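Asks: Okay, so here is input11.txt, and as you'll see once you scroll down, it has compact mmCIF, C-alpha atoms and all ligand atoms.
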```txt
# COMPACT_ATOMS: atom_id res chain seq x y z
CA MET N 1 -15.26 -21.82 34.44
CA SER N 2 -14.12 -22.80 30.98
CA VAL N 3 -13.27 -20.19 28.42
CA GLU N 4 -13.42 -21.24 24.77
CA SER N 5 -9.95 -20.99 23.21
CA THR N 6 -9.56 -18.32 20.59
CA VAL N 7 -6.16 -19.66 19.53
CA ARG N 8 -6.45 -20.85 15.95
CA ALA N 9 -4.97 -24.20 14.85
CA VAL N 10 -2.34 -22.70 12.57
CA THR N 11 0.23 -20.70 14.53
CA THR N 12 3.45 -18.99 13.47
CA TYR N 13 5.30 -21.86 15.21
CA ARG N 14 3.42 -24.45 13.13
CA LEU N 15 4.37 -22.63 9.92
CA THR N 16 8.06 -23.00 10.83
CA GLU N 17 7.51 -26.70 11.52
CA MET N 18 5.84 -27.03 8.10
CA LYS N 19 8.91 -25.49 6.47
CA GLN N 20 11.21 -27.84 8.41
CA ARG N 21 9.37 -30.92 7.20
CA GLY N 22 9.05 -29.62 3.63
CA GLU N 23 5.26 -29.18 3.72
CA LYS N 24 4.24 -26.29 1.43
CA ILE N 25 2.17 -23.49 2.98
CA SER N 26 -1.03 -22.24 1.29
CA MET N 27 -2.04 -18.60 1.73
CA LEU N 28 -4.90 -16.61 0.16
CA THR N 29 -6.40 -13.19 0.72
CA SER N 30 -9.89 -12.56 2.12
CA TYR N 31 -11.62 -9.34 3.03
CA ASP N 32 -15.09 -10.32 4.26
CA TYR N 33 -16.88 -12.86 6.47
CA SER N 34 -18.54 -15.05 3.81
CA MET N 35 -15.42 -15.46 1.67
CA ALA N 36 -13.21 -16.08 4.72
CA ARG N 37 -15.53 -18.89 5.91
CA ILE N 38 -15.14 -20.68 2.58
CA VAL N 39 -11.37 -20.13 2.42
CA ASP N 40 -10.84 -21.30 6.01
CA ALA N 41 -13.07 -24.36 5.70
CA ALA N 42 -11.28 -25.37 2.49
CA GLY N 43 -8.04 -25.71 4.46
CA VAL N 44 -5.95 -22.66 3.58
CA ASP N 45 -3.16 -22.27 6.16
CA VAL N 46 -2.80 -18.47 6.22
CA ILE N 47 -5.47 -15.88 5.40
CA LEU N 48 -4.12 -12.46 4.48
CA VAL N 49 -6.34 -9.44 4.90
CA GLY N 50 -4.31 -7.68 2.24
CA ASP N 51 -4.30 -4.00 1.42
CA SER N 52 -5.16 -5.29 -2.07
CA ALA N 53 -8.64 -4.66 -0.62
CA ALA N 54 -7.98 -1.12 -1.90
CA ASN N 55 -8.08 -2.53 -5.45
CA VAL N 56 -10.54 -5.42 -5.40
CA MET N 57 -12.98 -4.21 -2.71
CA ALA N 58 -12.81 -0.42 -2.99
CA GLY N 59 -11.88 0.01 -6.68
CA TYR N 60 -8.79 2.18 -6.18
CA GLU N 61 -6.02 1.96 -8.76
CA THR N 62 -3.24 1.56 -6.16
CA THR N 63 -3.13 0.28 -2.57
CA LEU N 64 -2.14 3.70 -1.19
CA PRO N 65 -5.57 5.19 -0.37
CA ILE N 66 -6.77 2.44 2.00
CA THR N 67 -6.86 3.56 5.64
CA LEU N 68 -6.24 1.83 8.96
CA GLU N 69 -9.98 2.09 9.72
CA MET N 70 -10.86 0.34 6.44
CA MET N 71 -8.32 -2.43 7.11
CA ILE N 72 -9.72 -2.89 10.63
CA TYR N 73 -13.25 -3.22 9.22
CA HIS N 74 -12.13 -5.91 6.73
CA ALA N 75 -9.99 -7.74 9.30
CA ARG N 76 -12.78 -7.86 11.90
CA SER N 77 -15.14 -9.41 9.36
CA VAL N 78 -12.55 -12.03 8.41
CA VAL N 79 -11.55 -12.90 11.98
CA ARG N 80 -15.20 -13.58 12.91
CA ALA N 81 -15.26 -16.30 10.23
CA VAL N 82 -11.95 -18.06 10.77
CA ARG N 83 -11.50 -21.16 12.97
CA ARG N 84 -8.29 -22.74 11.69
CA ALA N 85 -6.08 -20.46 9.57
CA LEU N 86 -3.58 -17.90 10.85
CA VAL N 87 -4.94 -14.40 10.07
CA VAL N 88 -2.38 -11.80 8.96
CA VAL N 89 -3.36 -8.16 8.35
CA ASP N 90 -1.51 -5.64 6.16
CA LEU N 91 -0.52 -2.36 7.79
CA PRO N 92 -1.62 0.19 5.17
CA PHE N 93 0.55 2.85 3.55
CA GLY N 94 1.39 5.74 5.89
CA THR N 95 0.79 3.88 9.15
CA TYR N 96 4.29 2.53 9.84
CA GLN N 97 6.94 4.13 7.60
CA GLY N 98 9.37 6.64 9.10
CA ASN N 99 8.12 6.57 12.70
CA SER N 100 8.33 3.42 14.79
CA LYS N 101 6.01 4.78 17.51
CA VAL N 102 3.28 5.37 14.92
CA ALA N 103 4.01 1.86 13.57
CA LEU N 104 3.54 0.31 17.01
CA ASP N 105 0.30 2.26 17.57
CA SER N 106 -1.04 1.05 14.21
CA ALA N 107 -0.13 -2.58 14.91
CA VAL N 108 -1.62 -2.43 18.41
CA ARG N 109 -4.89 -1.08 16.97
CA ILE N 110 -5.02 -3.96 14.48
CA MET N 111 -4.39 -6.57 17.19
CA LYS N 112 -6.79 -5.06 19.77
CA GLU N 113 -9.64 -4.13 17.46
CA THR N 114 -9.61 -7.16 15.13
CA GLU N 115 -8.15 -10.06 17.18
CA ALA N 116 -6.04 -11.06 14.18
CA ASP N 117 -2.84 -13.05 14.72
CA ALA N 118 -0.16 -10.96 13.01
CA VAL N 119 0.63 -7.95 10.84
CA LYS N 120 2.51 -7.60 7.55
CA LEU N 121 4.70 -4.65 6.51
CA GLU N 122 6.36 -3.87 3.16
CA GLY N 123 10.09 -3.14 3.02
CA GLY N 124 13.48 -4.09 4.49
CA GLU N 125 16.22 -2.04 6.14
CA GLU N 126 14.30 1.25 5.77
CA ILE N 127 11.45 0.01 8.02
CA LEU N 128 13.54 -2.19 10.34
CA GLU N 129 13.08 0.07 13.38
CA SER N 130 9.29 -0.13 12.98
CA VAL N 131 9.47 -3.93 12.64
CA GLN N 132 11.63 -4.20 15.78
CA ARG N 133 9.33 -1.95 17.84
CA ILE N 134 6.22 -3.89 16.82
CA LEU N 135 7.96 -7.18 17.62
CA SER N 136 9.03 -5.82 21.02
CA ALA N 137 5.34 -5.59 21.94
CA GLY N 138 4.91 -9.31 21.22
CA ILE N 139 3.10 -8.80 17.92
CA PRO N 140 4.12 -11.31 15.21
CA VAL N 141 5.36 -9.62 12.03
CA MET N 142 5.54 -10.88 8.46
CA GLY N 143 7.85 -9.08 6.01
CA HIS N 144 7.17 -8.33 2.34
CA LEU N 145 10.00 -7.80 -0.19
CA GLY N 146 10.41 -7.66 -3.97
CA LEU N 147 7.51 -5.88 -5.62
CA THR N 148 6.08 -3.73 -2.84
CA PRO N 149 2.91 -2.10 -4.22
CA GLN N 150 2.86 0.65 -1.56
CA SER N 151 6.07 2.01 -3.22
CA ILE N 152 4.60 2.07 -6.74
CA HIS N 153 5.26 5.80 -7.12
CA LYS N 154 8.94 5.27 -6.30
CA PHE N 155 9.44 2.46 -8.85
CA GLY N 156 6.88 3.57 -11.45
CA THR N 157 5.98 0.07 -12.70
CA TYR N 158 4.66 -3.30 -11.50
CA ASN N 159 7.39 -5.13 -13.47
CA VAL N 160 9.47 -8.02 -12.10
CA ARG N 161 11.84 -6.78 -9.37
CA ALA N 162 15.43 -7.66 -8.39
CA LYS N 163 16.54 -8.83 -11.85
CA GLU N 164 19.77 -6.82 -11.50
CA GLU N 165 22.45 -8.08 -9.13
CA ALA N 166 22.56 -5.01 -6.86
CA GLU N 167 18.81 -5.11 -6.22
CA ALA N 168 18.90 -8.89 -5.73
CA GLU N 169 21.72 -8.62 -3.18
CA LYS N 170 19.83 -5.90 -1.28
CA LEU N 171 16.75 -8.14 -1.21
CA VAL N 172 18.79 -11.04 0.24
CA ARG N 173 20.32 -8.73 2.86
CA ASP N 174 16.88 -7.35 3.77
CA ALA N 175 15.47 -10.88 4.10
CA HIS N 176 18.24 -11.78 6.57
CA LEU N 177 17.69 -8.55 8.53
CA LEU N 178 13.97 -9.30 8.84
CA GLU N 179 14.69 -12.87 9.99
CA GLU N 180 17.28 -11.66 12.53
CA ALA N 181 14.82 -9.05 13.83
CA GLY N 182 12.35 -11.86 14.58
CA CYS N 183 9.82 -11.88 11.71
CA PHE N 184 8.00 -15.23 11.50
CA GLY N 185 7.82 -15.23 7.70
CA ILE N 186 8.35 -13.21 4.55
CA VAL N 187 6.32 -12.68 1.37
CA LEU N 188 8.37 -12.32 -1.82
CA GLU N 189 6.48 -10.73 -4.70
CA LYS N 190 7.30 -10.90 -8.41
CA ILE N 191 11.02 -11.71 -8.45
CA PRO N 192 13.06 -14.26 -10.44
CA ALA N 193 12.42 -17.87 -9.34
CA VAL N 194 16.15 -18.50 -8.76
CA LEU N 195 16.27 -15.61 -6.28
CA GLY N 196 13.12 -16.82 -4.49
CA ALA N 197 14.64 -20.30 -4.10
CA ARG N 198 17.90 -18.81 -2.81
CA VAL N 199 16.18 -16.74 -0.12
CA ALA N 200 14.02 -19.71 0.96
CA SER N 201 17.09 -21.95 1.26
CA GLU N 202 19.10 -19.37 3.25
CA LEU N 203 16.34 -18.54 5.77
CA ARG N 204 14.93 -20.70 8.58
CA ILE N 205 11.58 -18.85 8.54
CA PRO N 206 8.96 -19.63 5.84
CA VAL N 207 9.14 -17.67 2.59
CA ILE N 208 5.81 -17.35 0.77
CA GLY N 209 5.88 -16.37 -2.88
CA ILE N 210 3.57 -14.57 -5.28
CA GLY N 211 5.30 -14.71 -8.64
CA ALA N 212 8.51 -15.88 -6.92
CA GLY N 213 8.64 -19.40 -8.41
CA GLY N 214 8.22 -22.90 -7.01
CA GLY N 215 11.37 -23.01 -4.87
CA VAL N 216 9.86 -21.07 -1.97
CA ASP N 217 8.02 -22.53 1.05
CA GLY N 218 4.47 -21.61 0.04
CA GLN N 219 2.29 -19.58 -2.30
CA VAL N 220 -0.14 -16.68 -1.91
CA LEU N 221 -2.66 -15.26 -4.41
CA VAL N 222 -5.33 -12.60 -4.29
CA ILE N 223 -8.64 -14.49 -4.10
CA HIS N 224 -10.47 -12.31 -6.63
CA ASP N 225 -7.72 -13.03 -9.18
CA MET N 226 -7.55 -16.81 -8.69
CA LEU N 227 -11.35 -17.15 -8.75
CA GLY N 228 -11.54 -15.13 -11.99
CA ILE N 229 -13.79 -12.41 -10.53
CA ASN N 230 -11.30 -9.79 -11.60
CA LYS N 231 -10.62 -10.44 -15.32
CA GLY N 232 -8.52 -7.38 -16.11
CA PHE N 233 -5.40 -8.68 -14.33
CA SER N 234 -3.49 -11.61 -15.81
CA PRO N 235 0.21 -11.67 -14.94
CA ARG N 236 2.17 -14.82 -15.82
CA PHE N 237 2.23 -16.01 -12.19
CA LEU N 238 -1.56 -16.09 -11.86
CA ARG N 239 -3.32 -19.46 -12.19
CA ARG N 240 -7.09 -19.03 -12.50
CA TYR N 241 -9.03 -21.78 -10.70
CA ALA N 242 -12.50 -20.58 -11.75
CA ASP N 243 -14.24 -18.11 -14.01
CA LEU N 244 -16.59 -16.54 -11.49
CA HIS N 245 -16.91 -13.43 -13.65
CA GLU N 246 -18.70 -15.57 -16.25
CA VAL N 247 -20.70 -17.57 -13.68
CA MET N 248 -21.87 -14.45 -11.82
CA THR N 249 -22.65 -12.49 -14.98
CA GLY N 250 -24.74 -15.43 -16.24
CA ALA N 251 -26.62 -15.71 -12.93
CA VAL N 252 -27.34 -11.98 -12.66
CA THR N 253 -28.43 -11.75 -16.32
CA ALA N 254 -30.81 -14.69 -15.82
CA TYR N 255 -32.24 -13.05 -12.67
CA VAL N 256 -32.86 -9.76 -14.50
CA GLY N 257 -34.60 -11.67 -17.31
CA ASP N 258 -36.78 -13.63 -14.86
CA VAL N 259 -37.82 -10.48 -12.97
CA LYS N 260 -38.65 -8.61 -16.19
CA SER N 261 -40.65 -11.52 -17.61
CA GLY N 262 -42.53 -12.15 -14.36
CA ASP N 263 -41.14 -15.70 -14.16
CA PHE N 264 -39.63 -14.90 -10.72
CA PRO N 265 -41.13 -15.42 -8.20
CA ASN N 266 -43.23 -18.46 -9.16
CA GLU N 267 -46.03 -20.08 -7.08
CA ALA N 268 -43.59 -22.06 -4.91
CA GLU N 269 -41.49 -18.97 -4.18
CA GLN N 270 -44.21 -16.92 -2.50
CA TYR N 271 -46.32 -17.08 0.70
O1 LIG N 301 -2.25 -7.06 -0.32
C1 LIG N 301 -2.04 -8.19 -0.76
O2 LIG N 301 -2.95 -8.89 -1.25
C2 LIG N 301 -0.69 -8.73 -0.70
C3 LIG N 301 -0.41 -9.98 -1.47
C4 LIG N 301 -0.26 -9.67 -2.90
C5 LIG N 301 0.76 -10.72 -0.94
O3 LIG N 301 0.15 -8.16 -0.08
```
Is it possible to express this structure as structure tokens?
Ligand code: KIV
Replies:
Amino acid sequence: MSVESTVRAVTTYRLTEMKQRGEKISMLTSYDYSMARIVDAAGVDVILVGDSAANVMAGYETTLPITLEMMIYHARSVVRAVRRALVVVDLPFGTYQGNSKVALDSAVRIMKETEADAVKLEGGEEILESVQRILSAGIPVMGHLGLTPQSIHKFGTYNVRAKEEAEAEKLVRDAHLLEEAGCFGIVLEKIPAVLGARVASELRIPVIGIGAGGGVDGQVLVIHDMLGINKGFSPRFLRRYADLHEVMTGAVTAYVGDVKSGDFPNEAEQY
């Protein structure tokens, strides 16, 4: 009996090999089946089911309200679409901080109920016990340092992080702790480019940046931002590859006009 392999082509091991040979890693978010099919087929290496779904899919102002159930729904839809990319799922706020048993339970639910490849957690030393416990169950973990949106109420702004030496040194220490614990990669968000390059050069595991400069091992963006669906967000690090807001508005406006005028459907579009 032959069982079709569910192991996707990009593995955590392959990402480390890519870093070793200097090949940059591409990562994008996706939250649903149709988008994930396009992103995967276009050759993105890592698909992140980010808790940014709270913002771009559910319309919340912060990422805090999204639940484990909502993340599982998004991740399941994405996993059904993906053939090649590694699928990483964010553990949402409140499902891993302060209690490593709860963290393990949350990660196990993600892995069992979605068949994703890995989980991502925000934070360093303060969540290390949770990271270690999840890793002890054989679940690959990606770290996330710098701007950590789940802590927005602690910091109060989405400004660039780790500009001061003390915060930068803590970030470097945290990155080493996460690597030593066994994380397969780290996301660095909105920090000075020099610091991003330093962390990437000191670590053996891949460092993926979002607003962390060009000296890291790969880049990640939120798909709604880079496709220009979401026009109200334009930080310096964001490169827009399309203006889908304009394209979609034009298409929907034309459709409304055609329905109102009776132009749609025409003879060829009916039975
Ligand atoms: O949730 C998300 O989309 C993220 C990226 C910004 C890295 O964590």
Asks: Kindly provide the residues of chain N that approach ligand LIG 301 (chain N) to within 6 Å, each paired with its closest atom pair and their distance in Å to one decimal, based on all atoms listed in the file, listed by chain and increasing number, as a Markdown table.
Replies:
```
| residue | atom | partner | partner_atom | distance |
| --- | --- | --- | --- | --- |
| N:Thr29 | CA | N:LIG301 | O2 | 5.9 |
| N:Gly50 | CA | N:LIG301 | O1 | 3.3 |
| N:Asp51 | CA | N:LIG301 | O1 | 4.1 |
| N:Ser52 | CA | N:LIG301 | O1 | 3.8 |
| N:Val222 | CA | N:LIG301 | O2 | 5.4 |
```
Asks: In the coordinates of the file, take the point (3.1, -21.3, -4.2) and a cut-off of 8 Å; then, counting all atoms listed in the file, name each qualifying protein, DNA or RNA residue as an MDAnalysis selection string.
Replies: chainID N and resid 24:26 208:210 213:214 216:220
Asks: Could the residues in this selection be saved with C-alpha atoms as an mmCIF file, in the frame of the given file?
Replies:
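Final output, selection_34.cif:
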```cif
data_model
loop_
_atom_site.group_PDB
_atom_site.id
_atom_site.type_symbol
_atom_site.label_atom_id
_atom_site.label_comp_id
_atom_site.auth_asym_id
_atom_site.auth_seq_id
_atom_site.Cartn_x
_atom_site.Cartn_y
_atom_site.Cartn_z
ATOM 1 C CA LYS N 24 4.240 -26.290 1.430
ATOM 2 C CA ILE N 25 2.170 -23.490 2.980
ATOM 3 C CA SER N 26 -1.030 -22.240 1.290
ATOM 4 C CA ILE N 208 5.810 -17.350 0.770
ATOM 5 C CA GLY N 209 5.880 -16.370 -2.880
ATOM 6 C CA ILE N 210 3.570 -14.570 -5.280
ATOM 7 C CA GLY N 213 8.640 -19.400 -8.410
ATOM 8 C CA GLY N 214 8.220 -22.900 -7.010
ATOM 9 C CA VAL N 216 9.860 -21.070 -1.970
ATOM 10 C CA ASP N 217 8.020 -22.530 1.050
ATOM 11 C CA GLY N 218 4.470 -21.610 0.040
ATOM 12 C CA GLN N 219 2.290 -19.580 -2.300
ATOM 13 C CA VAL N 220 -0.140 -16.680 -1.910
#
```
Asks: In the coordinate frame of the file, compute which residues have an atom within 9 Å of (-5.3, -21.0, 10.7) when using only C-alpha atoms, and state them as an NGL selection string.
Replies: :N and (7-11 or 40 or 43-47 or 82-87)
Asks: Using the selection just defined, write its residues with C-alpha atoms as a PDB file, keeping the file's coordinate frame.
Replies:
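Here's the written file again-v5.pdb:
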```pdb
ATOM      1  CA  VAL N   7      -6.160 -19.660  19.530  1.00  0.00           C
ATOM      2  CA  ARG N   8      -6.450 -20.850  15.950  1.00  0.00           C
ATOM      3  CA  ALA N   9      -4.970 -24.200  14.850  1.00  0.00           C
ATOM      4  CA  VAL N  10      -2.340 -22.700  12.570  1.00  0.00           C
ATOM      5  CA  THR N  11       0.230 -20.700  14.530  1.00  0.00           C
ATOM      6  CA  ASP N  40     -10.840 -21.300   6.010  1.00  0.00           C
ATOM      7  CA  GLY N  43      -8.040 -25.710   4.460  1.00  0.00           C
ATOM      8  CA  VAL N  44      -5.950 -22.660   3.580  1.00  0.00           C
ATOM      9  CA  ASP N  45      -3.160 -22.270   6.160  1.00  0.00           C
ATOM     10  CA  VAL N  46      -2.800 -18.470   6.220  1.00  0.00           C
ATOM     11  CA  ILE N  47      -5.470 -15.880   5.400  1.00  0.00           C
ATOM     12  CA  VAL N  82     -11.950 -18.060  10.770  1.00  0.00           C
ATOM     13  CA  ARG N  83     -11.500 -21.160  12.970  1.00  0.00           C
ATOM     14  CA  ARG N  84      -8.290 -22.740  11.690  1.00  0.00           C
ATOM     15  CA  ALA N  85      -6.080 -20.460   9.570  1.00  0.00           C
ATOM     16  CA  LEU N  86      -3.580 -17.900  10.850  1.00  0.00           C
ATOM     17  CA  VAL N  87      -4.940 -14.400  10.070  1.00  0.00           C
TER      18      VAL N  87
END
```
Asks: Taking all atoms listed in the file into account, name the residue in N:Asp225, N:Glu165, N:Asp105, N:Glu189 that is nearest to Arg240 (chain N).
Replies: N:Asp225
Asks: For Ser34 (chain N), which residue out of N:Leu195, N:Val207, N:Val78, N:Leu178 is the nearest one, using all atoms listed in the file?
Replies: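 For Ser34 (chain N), the nearest of the candidates is N:Val78.
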Asks: Report the distance between CA of Asp32 (chain N) and CA of Glu69 (chain N) in Å, rounded to one decimal place.
Replies: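 Separation between CA of Asp32 (chain N) and CA of Glu69 (chain N): 14.5 Å.
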Asks: Rank nothing, just name the residue among N:Lys120, N:Lys163, N:Arg204, N:Lys154 nearest to Arg21 (chain N), using all atoms listed in the file.
Replies: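 Smallest separation from Arg21 (chain N) among the options: N:Arg204.
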Asks: Of the candidates N:Glu129, N:Glu267, N:Asp174, N:Asp117, which shows the shortest atom-to-atom distance to Leu145 (chain N), using only C-alpha atoms?
Replies: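 Answer, going by the shortest atom-to-atom distance: N:Asp174.
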Asks: What is the CA of Leu121 (chain N) to CA of Arg14 (chain N) distance in Å?
Replies: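 Atom-to-atom, CA of Leu121 (chain N) and CA of Arg14 (chain N) are spaced 20.9 Å apart.
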Asks: Can you take the partial region 94-126 of chain N, add N, CA and C atoms, and return it as a PDB file, in the coordinates of the input?
Replies:
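So the final result, stored in selection07.pdb, reads:
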```pdb
ATOM      1  N   GLY N  94       1.457   4.546   5.047  1.00  0.00           N
ATOM      2  CA  GLY N  94       1.390   5.740   5.890  1.00  0.00           C
ATOM      3  C   GLY N  94       1.158   5.462   7.356  1.00  0.00           C
ATOM      4  N   THR N  95       1.068   4.175   7.734  1.00  0.00           N
ATOM      5  CA  THR N  95       0.790   3.880   9.150  1.00  0.00           C
ATOM      6  C   THR N  95       1.980   3.240   9.852  1.00  0.00           C
ATOM      7  N   TYR N  96       3.130   3.132   9.163  1.00  0.00           N
ATOM      8  CA  TYR N  96       4.290   2.530   9.840  1.00  0.00           C
ATOM      9  C   TYR N  96       5.639   3.031   9.333  1.00  0.00           C
ATOM     10  N   GLN N  97       5.665   3.707   8.170  1.00  0.00           N
ATOM     11  CA  GLN N  97       6.940   4.130   7.600  1.00  0.00           C
ATOM     12  C   GLN N  97       7.437   5.397   8.303  1.00  0.00           C
ATOM     13  N   GLY N  98       8.729   5.399   8.641  1.00  0.00           N
ATOM     14  CA  GLY N  98       9.370   6.640   9.100  1.00  0.00           C
ATOM     15  C   GLY N  98       9.166   6.977  10.565  1.00  0.00           C
ATOM     16  N   ASN N  99       8.340   6.248  11.289  1.00  0.00           N
ATOM     17  CA  ASN N  99       8.120   6.570  12.700  1.00  0.00           C
ATOM     18  C   ASN N  99       7.669   5.295  13.423  1.00  0.00           C
ATOM     19  N   SER N 100       8.604   4.735  14.196  1.00  0.00           N
ATOM     20  CA  SER N 100       8.330   3.420  14.790  1.00  0.00           C
ATOM     21  C   SER N 100       7.259   3.467  15.871  1.00  0.00           C
ATOM     22  N   LYS N 101       7.066   4.650  16.498  1.00  0.00           N
ATOM     23  CA  LYS N 101       6.010   4.780  17.510  1.00  0.00           C
ATOM     24  C   LYS N 101       4.632   4.717  16.830  1.00  0.00           C
ATOM     25  N   VAL N 102       4.525   5.419  15.708  1.00  0.00           N
ATOM     26  CA  VAL N 102       3.280   5.370  14.920  1.00  0.00           C
ATOM     27  C   VAL N 102       3.032   3.930  14.455  1.00  0.00           C
ATOM     28  N   ALA N 103       4.123   3.257  14.034  1.00  0.00           N
ATOM     29  CA  ALA N 103       4.010   1.860  13.570  1.00  0.00           C
ATOM     30  C   ALA N 103       3.456   0.970  14.672  1.00  0.00           C
ATOM     31  N   LEU N 104       4.009   1.135  15.881  1.00  0.00           N
ATOM     32  CA  LEU N 104       3.540   0.310  17.010  1.00  0.00           C
ATOM     33  C   LEU N 104       2.073   0.608  17.306  1.00  0.00           C
ATOM     34  N   ASP N 105       1.702   1.887  17.310  1.00  0.00           N
ATOM     35  CA  ASP N 105       0.300   2.260  17.570  1.00  0.00           C
ATOM     36  C   ASP N 105      -0.628   1.617  16.540  1.00  0.00           C
ATOM     37  N   SER N 106      -0.209   1.631  15.280  1.00  0.00           N
ATOM     38  CA  SER N 106      -1.040   1.050  14.210  1.00  0.00           C
ATOM     39  C   SER N 106      -1.199  -0.455  14.421  1.00  0.00           C
ATOM     40  N   ALA N 107      -0.082  -1.115  14.726  1.00  0.00           N
ATOM     41  CA  ALA N 107      -0.130  -2.580  14.910  1.00  0.00           C
ATOM     42  C   ALA N 107      -0.966  -2.945  16.133  1.00  0.00           C
ATOM     43  N   VAL N 108      -0.834  -2.164  17.197  1.00  0.00           N
ATOM     44  CA  VAL N 108      -1.620  -2.430  18.410  1.00  0.00           C
ATOM     45  C   VAL N 108      -3.115  -2.280  18.102  1.00  0.00           C
ATOM     46  N   ARG N 109      -3.468  -1.253  17.339  1.00  0.00           N
ATOM     47  CA  ARG N 109      -4.890  -1.080  16.970  1.00  0.00           C
ATOM     48  C   ARG N 109      -5.408  -2.293  16.200  1.00  0.00           C
ATOM     49  N   ILE N 110      -4.605  -2.770  15.258  1.00  0.00           N
ATOM     50  CA  ILE N 110      -5.020  -3.960  14.480  1.00  0.00           C
ATOM     51  C   ILE N 110      -5.253  -5.133  15.425  1.00  0.00           C
ATOM     52  N   MET N 111      -4.295  -5.382  16.317  1.00  0.00           N
ATOM     53  CA  MET N 111      -4.390  -6.570  17.190  1.00  0.00           C
ATOM     54  C   MET N 111      -5.555  -6.446  18.173  1.00  0.00           C
ATOM     55  N   LYS N 112      -5.723  -5.261  18.772  1.00  0.00           N
ATOM     56  CA  LYS N 112      -6.790  -5.060  19.770  1.00  0.00           C
ATOM     57  C   LYS N 112      -8.172  -5.058  19.149  1.00  0.00           C
ATOM     58  N   GLU N 113      -8.302  -4.365  18.010  1.00  0.00           N
ATOM     59  CA  GLU N 113      -9.640  -4.130  17.460  1.00  0.00           C
ATOM     60  C   GLU N 113     -10.112  -5.226  16.512  1.00  0.00           C
ATOM     61  N   THR N 114      -9.189  -6.101  16.071  1.00  0.00           N
ATOM     62  CA  THR N 114      -9.610  -7.160  15.130  1.00  0.00           C
ATOM     63  C   THR N 114      -9.420  -8.560  15.681  1.00  0.00           C
ATOM     64  N   GLU N 115      -8.524  -8.730  16.661  1.00  0.00           N
ATOM     65  CA  GLU N 115      -8.150 -10.060  17.180  1.00  0.00           C
ATOM     66  C   GLU N 115      -7.499 -10.943  16.108  1.00  0.00           C
ATOM     67  N   ALA N 116      -6.835 -10.305  15.161  1.00  0.00           N
ATOM     68  CA  ALA N 116      -6.040 -11.060  14.180  1.00  0.00           C
ATOM     69  C   ALA N 116      -4.783 -11.583  14.866  1.00  0.00           C
ATOM     70  N   ASP N 117      -3.993 -12.389  14.119  1.00  0.00           N
ATOM     71  CA  ASP N 117      -2.840 -13.050  14.720  1.00  0.00           C
ATOM     72  C   ASP N 117      -1.513 -12.344  14.465  1.00  0.00           C
ATOM     73  N   ALA N 118      -1.447 -11.536  13.406  1.00  0.00           N
ATOM     74  CA  ALA N 118      -0.160 -10.960  13.010  1.00  0.00           C
ATOM     75  C   ALA N 118      -0.374  -9.814  12.037  1.00  0.00           C
ATOM     76  N   VAL N 119       0.689  -9.035  11.829  1.00  0.00           N
ATOM     77  CA  VAL N 119       0.630  -7.950  10.840  1.00  0.00           C
ATOM     78  C   VAL N 119       1.716  -8.154   9.788  1.00  0.00           C
ATOM     79  N   LYS N 120       1.503  -7.546   8.617  1.00  0.00           N
ATOM     80  CA  LYS N 120       2.510  -7.600   7.550  1.00  0.00           C
ATOM     81  C   LYS N 120       2.872  -6.180   7.123  1.00  0.00           C
ATOM     82  N   LEU N 121       4.185  -5.970   6.899  1.00  0.00           N
ATOM     83  CA  LEU N 121       4.700  -4.650   6.510  1.00  0.00           C
ATOM     84  C   LEU N 121       5.557  -4.812   5.252  1.00  0.00           C
ATOM     85  N   GLU N 122       5.539  -3.827   4.373  1.00  0.00           N
ATOM     86  CA  GLU N 122       6.360  -3.870   3.160  1.00  0.00           C
ATOM     87  C   GLU N 122       7.691  -3.149   3.391  1.00  0.00           C
ATOM     88  N   GLY N 123       8.795  -3.814   2.966  1.00  0.00           N
ATOM     89  CA  GLY N 123      10.090  -3.140   3.020  1.00  0.00           C
ATOM     90  C   GLY N 123      11.102  -3.879   3.879  1.00  0.00           C
ATOM     91  N   GLY N 124      12.402  -3.445   3.752  1.00  0.00           N
ATOM     92  CA  GLY N 124      13.480  -4.090   4.490  1.00  0.00           C
ATOM     93  C   GLY N 124      14.130  -3.131   5.469  1.00  0.00           C
ATOM     94  N   GLU N 125      15.420  -2.848   5.226  1.00  0.00           N
ATOM     95  CA  GLU N 125      16.220  -2.040   6.140  1.00  0.00           C
ATOM     96  C   GLU N 125      15.546  -0.719   6.523  1.00  0.00           C
ATOM     97  N   GLU N 126      14.874  -0.092   5.520  1.00  0.00           N
ATOM     98  CA  GLU N 126      14.300   1.250   5.770  1.00  0.00           C
ATOM     99  C   GLU N 126      13.145   1.228   6.781  1.00  0.00           C
TER     100      GLU N 126
END
```
